[in-house]
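Asker: Take a look at the following structure, please.
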Amino acid sequence: MSGIALKLGPLAVPGFKVSRSGLRWLCADGRRVRAHEIVAFCNIAMSGGAAKPFAEEAFDLQVAFAPTVAGRIRYAAEASRGGYIDRLPGGVWDPDLVWAHIEDVEGEADTPDVPALLFLAGRRFTEIAEDRSGLLTGWHDRARAWWGDGAGGTLLGAGICELDAILRGPIAFAEMFALAAGPAQIVLSQDEPLVPCAAVLAERLARSPDDVAAIRADMATGLTGDAGAQDWLFMGALLNGLERAPLTEAHDIVTRSGLARTKPVDAVCLSLTAELPRAARHRRLGYTLNLHNFRLAAAPPAVRCWLRASFEPFTRTAEDVARDYRTLIAALGDRPMFVVNALSSPAHERITSYRDLDDRTMRGLASVHAKTLNLMLHDLRQDFGVEIVDADAIAADMGMAAHLPDGVHGSGALYGEIREELVRLLRARGVTGFASRS
Amino acid sequence: MWLRVSLPPFAATGASIRIAQRHAATGDRLDRGAPLVDITVDFSAGVFRDCPPVMTFRIVMQEAAWLRHLEILPGEAATPDAPIALLSTDATSAPEPAAREARVTMASILHHDDWWTSGA
């Protein structure tokens, strides 16, 4: 076989034995690949040490391989045996194992026979939610990836589904890291059914163990006797979101340099669209619940009874949102905050003049609501240096009808542009690890 | 002169449309700026999806007219390009084929019924 033989390369973690599964491929044998494009992955595990790194993510810890030069990838037959052998980390990590060859090489690298590694970890909502079918698959309340050698900056994303499309993208954060030299980490918090608006995030920071105990006790007695499995699953997921505070979490990482534990996040990225116009407050315990209408409408029966009996809905104004953002900003200190603003140009709206609209219609206009929130964000930028990821301008420039045909869900090209804008802002604010590779 | 209000051209998107709320009764005079109906547009066309793209639009008069007949009632599904209302430029003229589309505007509004207050 001509070309460069790609080896696994070193992954030594002092005090631990590193195991791996067989490899699973992300591209066809013989395909040309770009430098630093991930082409295969495996599950890994660490055992034998006194400590328990990745204790919450041990089941879904993976590493993806990216050749550092471009060329035509050729599988090594012995790298993959299929079935559960490729899903469960049962073999030894052998640094000299040749897992692929790369032919018709383009470009140069210091060690072209050793791939760059993209590590990935998912924290399951529950350990029984096993899904090893692919790269970072499964029901995770936190999915993260890190890239490059050693500990770098950590960006936390907490928002609506758009952040999944921007940060995680079509292939497990790979598009974000294609823009970044590293070392850097991206953490995506997923709190369904809770929508992480600023109020929810701020309250989670302030919640004491006693507060959590009170919420648990209320939920434990809140469901009626005929509650079924769907009710308990919904309540469990909701409680999980209320208990955790992603802004304060530290993270284990492993790289070729070994094991490390990062400090809590260096920067956060939020969605302004998470600030729904209506939320609810627990009548006795006072905490905020922010759920999408479609989740509420689909909630199982006993949960619906509990929600109606225990919560009081209220309208959130831009001033309310600004207050919650100021609380978060204060908690973050000098760590930068990036906010994807709201899309304010509905694709199918046809208003030729606002002058004739009555007060009730004006108050209810979705575009005005979004623009009001966006203006609030400009005030926060001026006063506190919040960075605006101007998705609104990008979408308007690219065309709402073409790139958000249903008015809500965008195209890959749109999210790609927003992703590039976010990375540009991360670089401008000097968040470690997001500098260009070149 | 009789006028008609047809649904906006959502047909190409495959959206399913329902009348959510009417703001006028038959015989009412609607001035410029008066809301006529709210429609909910499900751009997923009824296909089960997470995060269903449902938007609410308010159709607002851009010229004065009398509402003579609302062709589709609240809660009913509407057919793209079908008229949803007939109006006339005077209060009592006998029915006649609509001469043209009434001048209306369509504003995207926040869902006027959220789950907390809808009783659903």
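By convention here, the chains of the structure tokens are called A, B, ... in the order presented, each chain's residues are numbered starting at 1, and ligands are numbered starting at 1 in the order presented.
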For chain B, list the residues within 6 Å of chain A, counting only C-alpha atoms, and write the list as number ranges by chain.
Answerer: B: 33, 43, 53, 105-110, 115
Asker: Would you save the residues from that selection as a CSV table (one decimal), in the first residue's frame, using N, CA and C atoms?
Answerer:
chain,number,residue,atom,x,y,z
B,33,GLY,N,-57.3,49.3,8.5
B,33,GLY,CA,-56.6,49.0,9.7
B,33,GLY,C,-57.3,48.0,10.6
B,43,PHE,N,-46.4,25.2,8.8
B,43,PHE,CA,-45.6,24.9,7.6
B,43,PHE,C,-45.1,23.5,7.5
B,53,PRO,N,-43.3,24.2,13.0
B,53,PRO,CA,-43.2,25.6,12.6
B,53,PRO,C,-44.7,26.1,12.3
B,105,THR,N,-53.5,43.6,4.4
B,105,THR,CA,-52.1,43.3,4.8
B,105,THR,C,-52.1,42.1,5.7
B,106,MET,N,-50.9,41.5,5.8
B,106,MET,CA,-50.8,40.3,6.6
B,106,MET,C,-49.7,40.4,7.6
B,107,ALA,N,-50.0,40.4,8.9
B,107,ALA,CA,-49.0,40.6,9.9
B,107,ALA,C,-48.7,39.4,10.7
B,108,SER,N,-47.5,39.0,10.9
B,108,SER,CA,-47.1,37.9,11.7
B,108,SER,C,-47.3,38.3,13.2
B,109,ILE,N,-48.1,37.6,13.9
B,109,ILE,CA,-48.3,38.0,15.3
B,109,ILE,C,-47.9,36.8,16.3
B,110,LEU,N,-47.6,37.2,17.5
B,110,LEU,CA,-47.3,36.2,18.5
B,110,LEU,C,-48.6,35.3,18.7
B,115,TRP,N,-50.5,28.0,25.6
B,115,TRP,CA,-51.1,26.8,26.3
B,115,TRP,C,-51.6,27.1,27.7
Asker: Would you please give, as a list in words, all residues of chain B that DSSP assigns to alpha helix (DSSP H) based on the backbone?
Answerer: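 Across chain B, those assigned alpha helix (DSSP H) are Trp115, Trp116, Thr117 and Ser118 of chain B.
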Asker: Of the candidates A:Arg204, A:His36, A:Lys17, A:Arg124, which one gets nearest to Glu56 of chain A if we count only C-alpha atoms?
Answerer: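 Using only C-alpha atoms, the shortest distance to Glu56 of chain A belongs to A:Arg124.
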Asker: DSSP says strand (DSSP E) for which residues of segment 18-190 of chain A? Put them as a PyMOL selection string?
Answerer: chain A and resi 18-20+24-25+32-33+40-47+61-66+70-75+91-92+98-106+116-124+140-147+153-158+184-189
